[in-house]
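Structure record follows, encoded as structure tokens.
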Amino acid sequence: MSYYQGNDLRKPSGGIKGRSRGKRKHELGSPPTLTKLAESDLRKVVKVTGGNIKVRLAEAFSANVFIPSEKKCVKTRILGVQNTPANVEYSRRGIITKGTIIRTELGLAKVTSRPGQDGVINAVLIEGKSGA
């Protein structure tokens, strides 16, 4: 099944526009990469428009956590998913998206990167809260 990313085929009134041409390969999309919690990191390299590549993080084990008070970044293990604003079901399934609050060895941290687009999990430590 393909994911069409081209123009909407409906008018603002709800009527269907007449098609002047067919769908094109460059308008083809893909399903979202739902990054899950796992025992190791698993990255997938995908070709995208313009001959470029996109690294998708399919499974995550660790995150780069920035500690604001010390102004340094530490790679640490992810223990679990606390809360996901994108979807309530995602936190139950252990899926990590941008804005997700994760439990790490350092404490609770908020994900600032897009793992399905960037191929890495960057997070900022929420100081004053412990995740263990």
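Following the order of the structure tokens, first chain is A, next is B, and so on, with residues numbered from 1 inside each chain and ligands from 1 in the order they appear.
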
**Q.** Spatial neighbours of Pro31 of chain A, 12 Å, only C-alpha atoms, chain gap at least 4 places, as a list in words
**A.**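 The filter keeps Met1, Ser2, Tyr3, Tyr4, Gln5, Arg56, Gly116 and Gln117 of chain A.
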
Export, as a PDB file, in the first residue's frame, the selected residues with N, CA, C and O atoms.
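Listing of out.pdb after writing:
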```pdb
ATOM      1  N   MET A   1       0.838  -1.175   0.000  1.00  0.00           N
ATOM      2  CA  MET A   1       0.000   0.000   0.000  1.00  0.00           C
ATOM      3  C   MET A   1       0.881   1.236   0.000  1.00  0.00           C
ATOM      4  O   MET A   1       1.846   1.330   0.745  1.00  0.00           O
ATOM      5  N   SER A   2       0.577   2.178  -0.848  1.00  0.00           N
ATOM      6  CA  SER A   2       1.392   3.385  -0.916  1.00  0.00           C
ATOM      7  C   SER A   2       0.747   4.527  -0.136  1.00  0.00           C
ATOM      8  O   SER A   2      -0.454   4.540   0.100  1.00  0.00           O
ATOM      9  N   TYR A   3       1.581   5.485   0.255  1.00  0.00           N
ATOM     10  CA  TYR A   3       1.145   6.658   0.991  1.00  0.00           C
ATOM     11  C   TYR A   3       1.323   7.859   0.080  1.00  0.00           C
ATOM     12  O   TYR A   3       2.451   8.247  -0.232  1.00  0.00           O
ATOM     13  N   TYR A   4       0.226   8.449  -0.360  1.00  0.00           N
ATOM     14  CA  TYR A   4       0.266   9.562  -1.303  1.00  0.00           C
ATOM     15  C   TYR A   4       0.464  10.872  -0.561  1.00  0.00           C
ATOM     16  O   TYR A   4      -0.300  11.216   0.326  1.00  0.00           O
ATOM     17  N   GLN A   5       1.516  11.606  -0.924  1.00  0.00           N
ATOM     18  CA  GLN A   5       1.852  12.864  -0.267  1.00  0.00           C
ATOM     19  C   GLN A   5       1.637  14.072  -1.184  1.00  0.00           C
ATOM     20  O   GLN A   5       2.122  15.151  -0.902  1.00  0.00           O
ATOM     21  N   ARG A  56      16.743   6.232  10.021  1.00  0.00           N
ATOM     22  CA  ARG A  56      15.588   6.059  10.908  1.00  0.00           C
ATOM     23  C   ARG A  56      15.992   5.156  12.071  1.00  0.00           C
ATOM     24  O   ARG A  56      16.646   4.144  11.863  1.00  0.00           O
ATOM     25  N   GLY A 116      12.530   8.922  14.563  1.00  0.00           N
ATOM     26  CA  GLY A 116      12.192   8.317  13.283  1.00  0.00           C
ATOM     27  C   GLY A 116      12.738   9.084  12.099  1.00  0.00           C
ATOM     28  O   GLY A 116      12.801   8.561  10.993  1.00  0.00           O
ATOM     29  N   GLN A 117      13.159  10.335  12.309  1.00  0.00           N
ATOM     30  CA  GLN A 117      13.703  11.168  11.236  1.00  0.00           C
ATOM     31  C   GLN A 117      15.210  11.377  11.379  1.00  0.00           C
ATOM     32  O   GLN A 117      15.922  11.451  10.393  1.00  0.00           O
TER      33      GLN A 117
END
```

Q: List every residue of chain A that DSSP, applied to the backbone of this structure, assigns to strand (DSSP E or B), and report them as a count of residues only.
A: 57

Can you pull out every residue within 9 Å of segment 17-25 of chain A, counting only C-alpha atoms, but drop anything in the same chain fewer than 3 positions away, and send it as a compact mmCIF listing (two decimals) with C-alpha atoms, in the first residue's frame?
```txt
# COMPACT_ATOMS: atom_id res chain seq x y z
CA TYR A 4 0.27 9.56 -1.30
CA GLY A 6 0.73 14.93 -3.26
CA ASP A 8 -5.25 17.14 -1.83
CA LEU A 9 -7.75 16.00 -4.46
CA ARG A 10 -10.68 17.86 -2.91
CA LYS A 11 -11.84 21.47 -3.15
CA LEU A 28 5.10 8.78 -2.69
```

Tell me, which residues of segment 2-102 of chain A carry DSSP alpha helix (DSSP H), written as an mmCIF file with C-alpha atoms, in the first residue's frame?
```cif
data_model
loop_
_atom_site.group_PDB
_atom_site.id
_atom_site.type_symbol
_atom_site.label_atom_id
_atom_site.label_comp_id
_atom_site.auth_asym_id
_atom_site.auth_seq_id
_atom_site.Cartn_x
_atom_site.Cartn_y
_atom_site.Cartn_z
ATOM 1 C CA VAL A 88 -1.567 7.799 25.134
ATOM 2 C CA GLU A 89 -1.224 4.355 23.562
ATOM 3 C CA TYR A 90 2.420 5.036 22.626
ATOM 4 C CA SER A 91 3.548 5.193 26.262
ATOM 5 C CA ARG A 92 1.938 1.801 26.932
ATOM 6 C CA ARG A 93 3.634 0.288 23.879
#
```

Q | Spatial neighbours of Cys73 of chain A, max dist 9 Å, only C-alpha atoms, sep filter under 5 positions, as a VMD selection string | A | chain A and resid 64 to 68 124

Just the selected residues (N, CA and C atoms), exported as a PDB file, in the first residue's frame, please.
```pdb
ATOM      1  N   ASN A  64      21.174  10.354  24.277  1.00  0.00           N
ATOM      2  CA  ASN A  64      22.118  11.402  24.642  1.00  0.00           C
ATOM      3  C   ASN A  64      21.356  12.410  25.500  1.00  0.00           C
ATOM      4  N   VAL A  65      21.674  12.451  26.785  1.00  0.00           N
ATOM      5  CA  VAL A  65      20.937  13.308  27.711  1.00  0.00           C
ATOM      6  C   VAL A  65      21.792  14.516  28.085  1.00  0.00           C
ATOM      7  N   PHE A  66      21.227  15.714  27.861  1.00  0.00           N
ATOM      8  CA  PHE A  66      21.904  16.964  28.219  1.00  0.00           C
ATOM      9  C   PHE A  66      21.521  17.337  29.636  1.00  0.00           C
ATOM     10  N   ILE A  67      22.543  17.636  30.462  1.00  0.00           N
ATOM     11  CA  ILE A  67      22.321  18.046  31.846  1.00  0.00           C
ATOM     12  C   ILE A  67      22.529  19.563  31.914  1.00  0.00           C
ATOM     13  N   PRO A  68      21.439  20.343  32.048  1.00  0.00           N
ATOM     14  CA  PRO A  68      21.552  21.807  32.002  1.00  0.00           C
ATOM     15  C   PRO A  68      22.434  22.411  33.090  1.00  0.00           C
ATOM     16  N   VAL A 124      16.720  16.246  27.123  1.00  0.00           N
ATOM     17  CA  VAL A 124      17.158  17.198  28.136  1.00  0.00           C
ATOM     18  C   VAL A 124      16.661  16.692  29.486  1.00  0.00           C
TER      19      VAL A 124
END
```
